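Peer 1: structure35.txt is reproduced below (compact mmCIF, C-alpha atoms).
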```
# COMPACT_ATOMS: atom_id res chain seq x y z
CA MET R 1 -42.46 46.88 -49.06
CA SER R 2 -43.78 49.47 -46.62
CA ALA R 3 -47.33 49.13 -45.43
CA THR R 4 -48.11 52.42 -47.16
CA ALA R 5 -47.00 51.41 -50.66
CA GLU R 6 -49.91 50.62 -52.96
CA ALA R 7 -50.31 48.66 -56.16
CA GLY R 8 -51.11 50.93 -59.13
CA SER R 9 -53.46 50.21 -62.01
CA HIS R 10 -50.73 48.27 -63.86
CA GLY R 11 -49.96 46.14 -60.83
CA VAL R 12 -46.78 48.16 -60.27
CA VAL R 13 -46.05 49.25 -56.70
CA VAL R 14 -46.63 52.98 -56.32
CA ARG R 15 -44.16 54.27 -53.77
CA ARG R 16 -44.78 57.41 -51.76
CA VAL R 17 -41.65 59.53 -51.42
CA LEU R 18 -41.01 62.76 -49.53
CA VAL R 19 -38.41 64.99 -51.24
CA VAL R 20 -36.77 67.69 -49.14
CA ASP R 21 -34.65 70.52 -50.54
CA ASP R 22 -34.46 74.30 -50.12
CA ASP R 23 -33.62 74.73 -53.83
CA GLU R 24 -36.99 74.99 -55.58
CA ASP R 25 -35.54 74.03 -58.96
CA ILE R 26 -34.12 70.83 -57.52
CA LEU R 27 -37.31 70.11 -55.62
CA GLU R 28 -39.35 70.45 -58.79
CA VAL R 29 -37.07 68.37 -61.02
CA ALA R 30 -36.78 65.61 -58.41
CA GLN R 31 -40.57 65.55 -58.07
CA MET R 32 -40.98 65.33 -61.83
CA SER R 33 -38.36 62.60 -62.06
CA LEU R 34 -39.87 60.41 -59.35
CA GLU R 35 -43.44 60.93 -60.56
CA VAL R 36 -42.98 60.76 -64.34
CA VAL R 37 -39.98 58.44 -64.69
CA GLY R 38 -40.47 56.43 -61.50
CA GLY R 39 -44.26 56.41 -61.45
CA TRP R 40 -44.26 57.19 -57.72
CA THR R 41 -46.25 59.67 -55.63
CA VAL R 42 -44.24 62.60 -54.26
CA THR R 43 -44.74 65.13 -51.49
CA THR R 44 -42.22 67.91 -50.86
CA ALA R 45 -40.78 69.99 -48.03
CA GLY R 46 -38.37 72.94 -48.01
CA ASP R 47 -36.24 72.15 -44.95
CA GLY R 48 -35.60 69.52 -42.30
CA GLN R 49 -38.12 70.87 -39.82
CA GLN R 50 -40.90 70.77 -42.40
CA ALA R 51 -39.75 67.26 -43.32
CA LEU R 52 -40.30 66.05 -39.74
CA ASP R 53 -43.85 67.40 -39.75
CA VAL R 54 -44.73 65.99 -43.19
CA ALA R 55 -43.14 62.61 -42.44
CA ARG R 56 -45.16 62.21 -39.23
CA ARG R 57 -48.36 63.13 -41.04
CA GLU R 58 -47.88 61.38 -44.40
CA GLN R 59 -45.79 58.33 -43.41
CA PRO R 60 -43.98 58.11 -46.78
CA ASP R 61 -42.16 54.97 -47.89
CA ALA R 62 -38.88 56.89 -48.09
CA ILE R 63 -37.41 60.37 -47.68
CA VAL R 64 -34.89 61.91 -50.08
CA MET R 65 -33.31 64.90 -48.39
CA ASP R 66 -30.63 67.45 -49.16
CA ALA R 67 -27.82 67.59 -46.61
CA MET R 68 -27.31 71.37 -46.58
CA MET R 69 -30.49 73.34 -45.83
CA PRO R 70 -31.49 76.32 -43.71
CA VAL R 71 -33.63 76.02 -40.54
CA MET R 72 -32.73 72.35 -40.04
CA ASP R 73 -30.16 70.55 -42.17
CA GLY R 74 -30.42 67.01 -43.51
CA PRO R 75 -28.15 65.27 -40.96
CA THR R 76 -30.02 66.85 -38.01
CA ALA R 77 -33.37 65.88 -39.52
CA ALA R 78 -32.19 62.31 -40.23
CA VAL R 79 -31.23 61.86 -36.57
CA ALA R 80 -34.54 63.37 -35.40
CA LEU R 81 -36.54 61.13 -37.75
CA ARG R 82 -34.79 58.03 -36.39
CA ALA R 83 -35.36 59.16 -32.78
CA ASP R 84 -39.12 59.60 -33.27
CA PRO R 85 -40.99 56.27 -33.05
CA ALA R 86 -43.54 57.62 -35.55
CA THR R 87 -40.87 58.03 -38.26
CA ALA R 88 -38.04 55.75 -37.13
CA GLY R 89 -38.84 53.09 -39.74
CA ILE R 90 -38.82 55.42 -42.76
CA PRO R 91 -35.59 55.07 -44.76
CA VAL R 92 -33.76 58.32 -45.50
CA VAL R 93 -31.43 58.98 -48.42
CA LEU R 94 -29.30 62.11 -48.20
CA LEU R 95 -28.30 64.17 -51.24
CA THR R 96 -25.03 66.07 -51.13
CA ALA R 97 -22.94 68.15 -53.51
CA SER R 98 -19.88 67.54 -51.38
CA VAL R 99 -17.06 65.46 -52.83
CA GLN R 100 -14.88 65.63 -49.72
CA PRO R 101 -14.31 62.01 -48.61
CA ALA R 102 -14.44 62.98 -44.91
CA GLU R 103 -17.78 64.77 -45.36
CA ARG R 104 -19.26 61.90 -47.38
CA ALA R 105 -18.05 59.39 -44.79
CA ALA R 106 -19.58 61.44 -41.96
CA LEU R 107 -22.95 61.45 -43.75
CA ALA R 108 -22.78 57.69 -44.30
CA GLU R 109 -22.31 57.24 -40.52
CA LEU R 110 -25.74 58.78 -39.89
CA PRO R 111 -28.88 56.63 -39.55
CA VAL R 112 -29.55 56.75 -43.30
CA ALA R 113 -30.16 54.18 -46.03
CA GLY R 114 -27.61 55.83 -48.27
CA VAL R 115 -26.02 58.97 -49.68
CA LEU R 116 -26.46 60.16 -53.28
CA GLY R 117 -24.29 62.78 -54.96
CA LYS R 118 -25.42 66.02 -56.55
CA PRO R 119 -25.60 66.71 -59.39
CA PHE R 120 -27.85 63.77 -60.26
CA ASP R 121 -29.37 62.63 -63.53
CA PRO R 122 -33.16 63.15 -63.28
CA MET R 123 -33.74 60.35 -65.77
CA LEU R 124 -31.86 57.90 -63.53
CA LEU R 125 -32.82 59.13 -60.04
CA PRO R 126 -35.66 56.61 -59.48
CA ALA R 127 -33.38 53.71 -60.43
CA GLU R 128 -30.61 54.98 -58.14
CA LEU R 129 -33.02 55.32 -55.24
CA SER R 130 -34.55 51.90 -55.90
CA ARG R 131 -31.08 50.39 -55.78
CA LEU R 132 -30.20 52.11 -52.49
CA LEU R 133 -33.53 51.25 -50.89
CA GLY R 134 -33.63 47.67 -52.12
CA TRP R 135 -36.77 48.35 -54.15
CA SER R 136 -35.41 46.95 -57.42
CA MET U 1 -54.83 44.06 -68.25
CA PRO U 2 -52.30 46.09 -70.27
CA THR U 3 -50.19 44.08 -72.70
CA GLU U 4 -46.39 44.20 -72.94
CA PRO U 5 -46.49 46.61 -75.95
CA ASP U 6 -48.88 48.86 -73.96
CA ARG U 7 -46.47 48.96 -71.05
CA ALA U 8 -43.52 49.66 -73.35
CA GLN U 9 -45.43 52.55 -74.94
CA VAL U 10 -46.33 53.96 -71.52
CA GLU U 11 -42.64 53.89 -70.59
CA ILE U 12 -41.62 55.60 -73.83
CA ASP U 13 -44.29 58.28 -73.29
CA SER U 14 -43.09 58.83 -69.71
CA GLN U 15 -39.48 59.24 -70.82
CA GLN U 16 -40.52 61.76 -73.47
CA ARG U 17 -42.65 63.72 -71.00
CA ALA U 18 -39.71 63.82 -68.58
CA LEU U 19 -37.32 65.05 -71.29
CA ASP U 20 -39.79 67.77 -72.32
CA ALA U 21 -40.17 68.87 -68.71
CA LEU U 22 -36.39 68.95 -68.26
CA THR U 23 -36.02 71.34 -71.19
CA SER U 24 -38.36 73.84 -69.57
CA PHE U 25 -36.72 73.39 -66.15
CA ARG U 26 -33.31 74.15 -67.68
CA HIS U 27 -34.39 77.63 -68.74
CA ARG U 28 -35.47 78.48 -65.22
CA ALA U 29 -32.44 76.86 -63.59
CA ARG U 30 -30.20 78.99 -65.81
CA VAL U 31 -31.82 82.17 -64.46
CA THR U 32 -31.58 80.96 -60.85
CA ASN U 33 -27.93 80.04 -61.22
CA LEU U 34 -27.03 83.30 -62.96
CA ALA U 35 -28.41 85.09 -59.87
CA ARG U 36 -26.10 82.92 -57.73
CA VAL U 37 -23.17 83.91 -59.94
CA GLU U 38 -23.86 87.58 -59.18
CA VAL U 39 -23.75 86.88 -55.42
CA ILE U 40 -20.37 85.21 -55.90
CA ALA U 41 -19.10 88.03 -58.15
CA GLU U 42 -20.07 90.64 -55.58
CA ALA U 43 -18.18 88.78 -52.85
CA LEU U 44 -15.10 88.44 -55.01
CA ASP U 45 -15.21 92.13 -55.87
CA SER U 46 -15.36 92.87 -52.13
CA LEU U 47 -12.40 90.55 -51.63
CA ARG U 48 -10.48 92.42 -54.33
CA ARG U 49 -11.21 95.71 -52.54
CA GLY U 50 -10.27 94.19 -49.17
CA VAL U 51 -13.74 94.63 -47.66
CA LEU U 52 -15.19 91.11 -47.80
CA SER U 53 -17.13 90.31 -44.62
CA GLU U 54 -17.25 86.77 -43.25
CA GLU U 55 -21.03 86.73 -43.70
CA ALA U 56 -20.74 87.69 -47.39
CA ARG U 57 -18.00 85.09 -47.91
CA LEU U 58 -20.15 82.34 -46.41
CA THR U 59 -23.20 83.44 -48.42
CA ALA U 60 -21.16 83.32 -51.62
CA ARG U 61 -19.68 79.96 -50.64
CA ARG U 62 -23.18 78.55 -50.12
CA ALA U 63 -24.26 79.96 -53.50
CA ALA U 64 -21.32 78.22 -55.19
CA HIS U 65 -22.06 74.95 -53.38
CA THR U 66 -25.74 75.04 -54.33
CA MET U 67 -24.82 75.81 -57.92
CA VAL U 68 -22.58 72.74 -58.13
CA GLY U 69 -25.59 70.50 -57.54
CA SER U 70 -28.15 72.56 -59.40
CA ALA U 71 -26.22 73.42 -62.56
CA GLY U 72 -25.00 69.86 -63.01
CA THR U 73 -28.45 68.38 -62.51
CA PHE U 74 -29.83 70.62 -65.26
CA GLY U 75 -27.09 69.74 -67.73
CA PHE U 76 -24.71 72.65 -67.19
CA ALA U 77 -21.76 70.38 -66.46
CA GLU U 78 -19.06 73.01 -67.04
CA ALA U 79 -20.86 75.48 -64.77
CA SER U 80 -21.04 72.81 -62.08
CA ARG U 81 -17.30 72.16 -62.40
CA LEU U 82 -16.50 75.90 -62.22
CA GLY U 83 -18.80 76.25 -59.21
CA ARG U 84 -16.80 73.60 -57.39
CA THR U 85 -13.56 75.44 -58.12
CA LEU U 86 -15.12 78.68 -56.86
CA GLU U 87 -16.17 76.91 -53.67
CA ALA U 88 -12.49 76.19 -53.04
CA VAL U 89 -11.49 79.78 -53.87
CA LEU U 90 -14.06 81.08 -51.38
CA ASP U 91 -12.94 78.56 -48.75
CA GLU U 92 -9.44 79.98 -49.02
CA ALA U 93 -10.63 83.59 -49.01
CA ASN U 94 -10.80 83.83 -45.22
CA GLY U 95 -7.08 84.48 -44.84
CA THR U 96 -5.08 87.59 -45.59
CA ASP U 97 -2.37 86.14 -47.85
CA GLY U 98 -2.75 86.27 -51.63
CA THR U 99 -6.09 88.04 -51.46
CA GLN U 100 -5.65 90.03 -54.70
CA GLU U 101 -4.53 86.99 -56.67
CA ARG U 102 -7.38 84.91 -55.26
CA ALA U 103 -9.95 87.58 -56.10
CA GLN U 104 -8.56 87.94 -59.62
CA ARG U 105 -8.64 84.18 -60.18
CA GLY U 106 -12.18 84.00 -58.80
CA LEU U 107 -13.40 86.80 -61.06
CA GLU U 108 -11.90 85.03 -64.08
CA LEU U 109 -13.80 81.90 -63.08
CA VAL U 110 -16.97 83.98 -62.71
CA ALA U 111 -16.57 85.21 -66.30
CA GLN U 112 -16.23 81.60 -67.49
CA LEU U 113 -19.22 80.63 -65.38
CA ARG U 114 -21.43 83.30 -66.96
CA ALA U 115 -20.41 82.03 -70.40
CA ALA U 116 -21.09 78.41 -69.42
CA LEU U 117 -24.59 79.30 -68.23
CA THR U 118 -25.56 81.56 -71.11
CA GLY U 119 -24.58 79.31 -74.02
CA PRO U 120 -27.20 77.56 -76.15
CA LEU U 121 -29.30 74.99 -74.32
```
As structure tokens, what does this structure read like?
Peer 2:
Amino acid sequence: MSATAEAGSHGVVVRRVLVVDDDEDILEVAQMSLEVVGGWTVTTAGDGQQALDVARREQPDAIVMDAMMPVMDGPTAAVALRADPATAGIPVVLLTASVQPAERAALAELPVAGVLGKPFDPMLLPAELSRLLGWS
Amino acid sequence: MPTEPDRAQVEIDSQQRALDALTSFRHRARVTNLARVEVIAEALDSLRRGVLSEEARLTARRAAHTMVGSAGTFGFAEASRLGRTLEAVLDEANGTDGTQERAQRGLELVAQLRAALTGPL
């Protein structure tokens, strides 16, 4: 468990997750999913550059980030997060709508905890992330 | 301390709240994705007329890619599938061969996409 995770009123660990996507609909549904279904605390950012700033400030337990975004894309942000000692220990999961094996393999080569496909099922997203992050 | 039945009820309530929220999100996602369809349709019409710029092609390609993830996440599975096919059509639209056929096929897919997004929720 990260040092920032806290035990909630039911004794359940309340994770703090940063969700990053330029699609506001996706951002909102992922936030709802992780908060309501997962019982976690969520902060959001609209691109990779914002994610770097929020991650340094908030020190979340994990970052879930879209691969394709304007300003700074997910792969670039993942590399920058790993290179910064202040954020190097935060696991990153990339979201991608790509089904091309070469593109998926290239994402998996990045310093990330895992890659999740889009579309995703909002009712199952917390469980999928828990599995990837070893939180189960 | 909450009992097991308390915890089970909390979980049931959370699931119901999430499902209710998803229903309202779907309405908005439909509108957002229909706007993306119009961007794609405009690009394909330009392709049909032989005036599609590279910038417009890439914008439409991005719209199709975003729709694949968005539409599927909000339960529009057929729209997501059609969006993926349109991504491929727009990938191939940077050449000069078969432009008319490609544009025609893309516009047919756009018509199906509109229908997939405007059906009952």
Peer 1: List the spatial neighbours of Ser24 in chain U as JSON, numbers by chain - criterion: any atom at most 12 Å away, only C-alpha atoms, same-chain residues fewer than 2 positions off excluded.
Peer 2: {"R": [25, 28, 29, 32], "U": [17, 18, 19, 20, 21, 22, 26, 27, 28, 29, 30, 31, 74, 121]}
Peer 1: Calculated over only C-alpha atoms, which of the candidates R:Asp66, R:Asp61, R:Glu103, R:Asp53 has the smallest distance to Leu18 in chain R?
Peer 2: R:Asp61
Peer 1: Could you tell me, as a tab-separated table (two decimals) with C-alpha atoms, in the frame of the given file, which residues have any atom at most 12 Å from (-10.4, 91.7, -50.5), counting only C-alpha atoms?
Peer 2:
```tsv
chain	number	residue	atom	x	y	z
U	42	GLU	CA	-20.07	90.64	-55.58
U	43	ALA	CA	-18.18	88.78	-52.85
U	44	LEU	CA	-15.10	88.44	-55.01
U	45	ASP	CA	-15.21	92.13	-55.87
U	46	SER	CA	-15.36	92.87	-52.13
U	47	LEU	CA	-12.40	90.55	-51.63
U	48	ARG	CA	-10.48	92.42	-54.33
U	49	ARG	CA	-11.21	95.71	-52.54
U	50	GLY	CA	-10.27	94.19	-49.17
U	51	VAL	CA	-13.74	94.63	-47.66
U	52	LEU	CA	-15.19	91.11	-47.80
U	53	SER	CA	-17.13	90.31	-44.62
U	54	GLU	CA	-17.25	86.77	-43.25
U	56	ALA	CA	-20.74	87.69	-47.39
U	57	ARG	CA	-18.00	85.09	-47.91
U	90	LEU	CA	-14.06	81.08	-51.38
U	92	GLU	CA	-9.44	79.98	-49.02
U	93	ALA	CA	-10.63	83.59	-49.01
U	94	ASN	CA	-10.80	83.83	-45.22
U	95	GLY	CA	-7.08	84.48	-44.84
U	96	THR	CA	-5.08	87.59	-45.59
U	97	ASP	CA	-2.37	86.14	-47.85
U	98	GLY	CA	-2.75	86.27	-51.63
U	99	THR	CA	-6.09	88.04	-51.46
U	100	GLN	CA	-5.65	90.03	-54.70
U	101	GLU	CA	-4.53	86.99	-56.67
U	102	ARG	CA	-7.38	84.91	-55.26
U	103	ALA	CA	-9.95	87.58	-56.10
U	104	GLN	CA	-8.56	87.94	-59.62
U	106	GLY	CA	-12.18	84.00	-58.80
```
Peer 1: Using all atoms listed in the file, what table do you get, as JSON lines, when you list each residue of chain U with an atom no more than 7 Å from chain R, its nearest pair of atoms, and their distance in Å rounded to one decimal, rows by chain then rising number?
Peer 2:
```
{"residue": "U:Pro2", "atom": "CA", "partner": "R:His10", "partner_atom": "CA", "distance": 7.0}
{"residue": "U:Ser14", "atom": "CA", "partner": "R:Val36", "partner_atom": "CA", "distance": 5.7}
{"residue": "U:Gln15", "atom": "CA", "partner": "R:Val37", "partner_atom": "CA", "distance": 6.2}
{"residue": "U:Ala18", "atom": "CA", "partner": "R:Val36", "partner_atom": "CA", "distance": 6.2}
{"residue": "U:Ala29", "atom": "CA", "partner": "R:Asp25", "partner_atom": "CA", "distance": 6.2}
{"residue": "U:His65", "atom": "CA", "partner": "R:Ala97", "partner_atom": "CA", "distance": 6.9}
{"residue": "U:Val68", "atom": "CA", "partner": "R:Ala97", "partner_atom": "CA", "distance": 6.5}
{"residue": "U:Gly69", "atom": "CA", "partner": "R:Pro119", "partner_atom": "CA", "distance": 4.2}
{"residue": "U:Ser70", "atom": "CA", "partner": "R:Pro119", "partner_atom": "CA", "distance": 6.4}
{"residue": "U:Gly72", "atom": "CA", "partner": "R:Pro119", "partner_atom": "CA", "distance": 4.8}
{"residue": "U:Thr73", "atom": "CA", "partner": "R:Pro119", "partner_atom": "CA", "distance": 4.5}
```
Peer 1: I'd like the neighbourhood of Val110 in chain U as a list in words, where a residue qualifies if any of its atoms comes within 9 Å (using only C-alpha atoms), though same-chain residues fewer than 2 positions away should be ignored.
Peer 2: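 Listing them by chain and then by number gives Val37, Glu38, Ile40, Ala41, Leu82, Gly83, Leu86, Arg105, Gly106, Leu107, Glu108, Gln112, Leu113, Arg114 and Ala115 of chain U.
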Peer 1: Which residues, written as an MDAnalysis selection string, have at least one atom at most 10 Å from Trp135 in chain R, with all atoms listed in the file counted and residues fewer than 2 positions away on the same chain left out?
Peer 2: chainID R and resid 1 13 15 126:133
Peer 1: Could you check how far CA of Val92 in chain R sits from CA of Gly114 in chain R, in Å to one decimal?
Peer 2: 7.2 Å
Peer 1: Which distance in Å separates CA of Ala78 in chain R and CA of Arg36 in chain U, to one decimal?
Peer 2: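 Straight-line distance from CA of Ala78 in chain R to CA of Arg36 in chain U works out to 27.7 Å.
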Peer 1: Mind pulling up the distance from CA of Thr66 in chain U to CA of Ala105 in chain R?
Peer 2: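 So the answer is 19.9 Å.
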Peer 1: Set the distance at 12 Å and use all atoms listed in the file: which residues neighbour Pro85 in chain R once local chain neighbours fewer than 6 positions away are removed? I'd like the list as a list in words.
Peer 2: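 What passes the distance filter is Leu52, Ala55, Arg56, Gln59 and Val79 of chain R.
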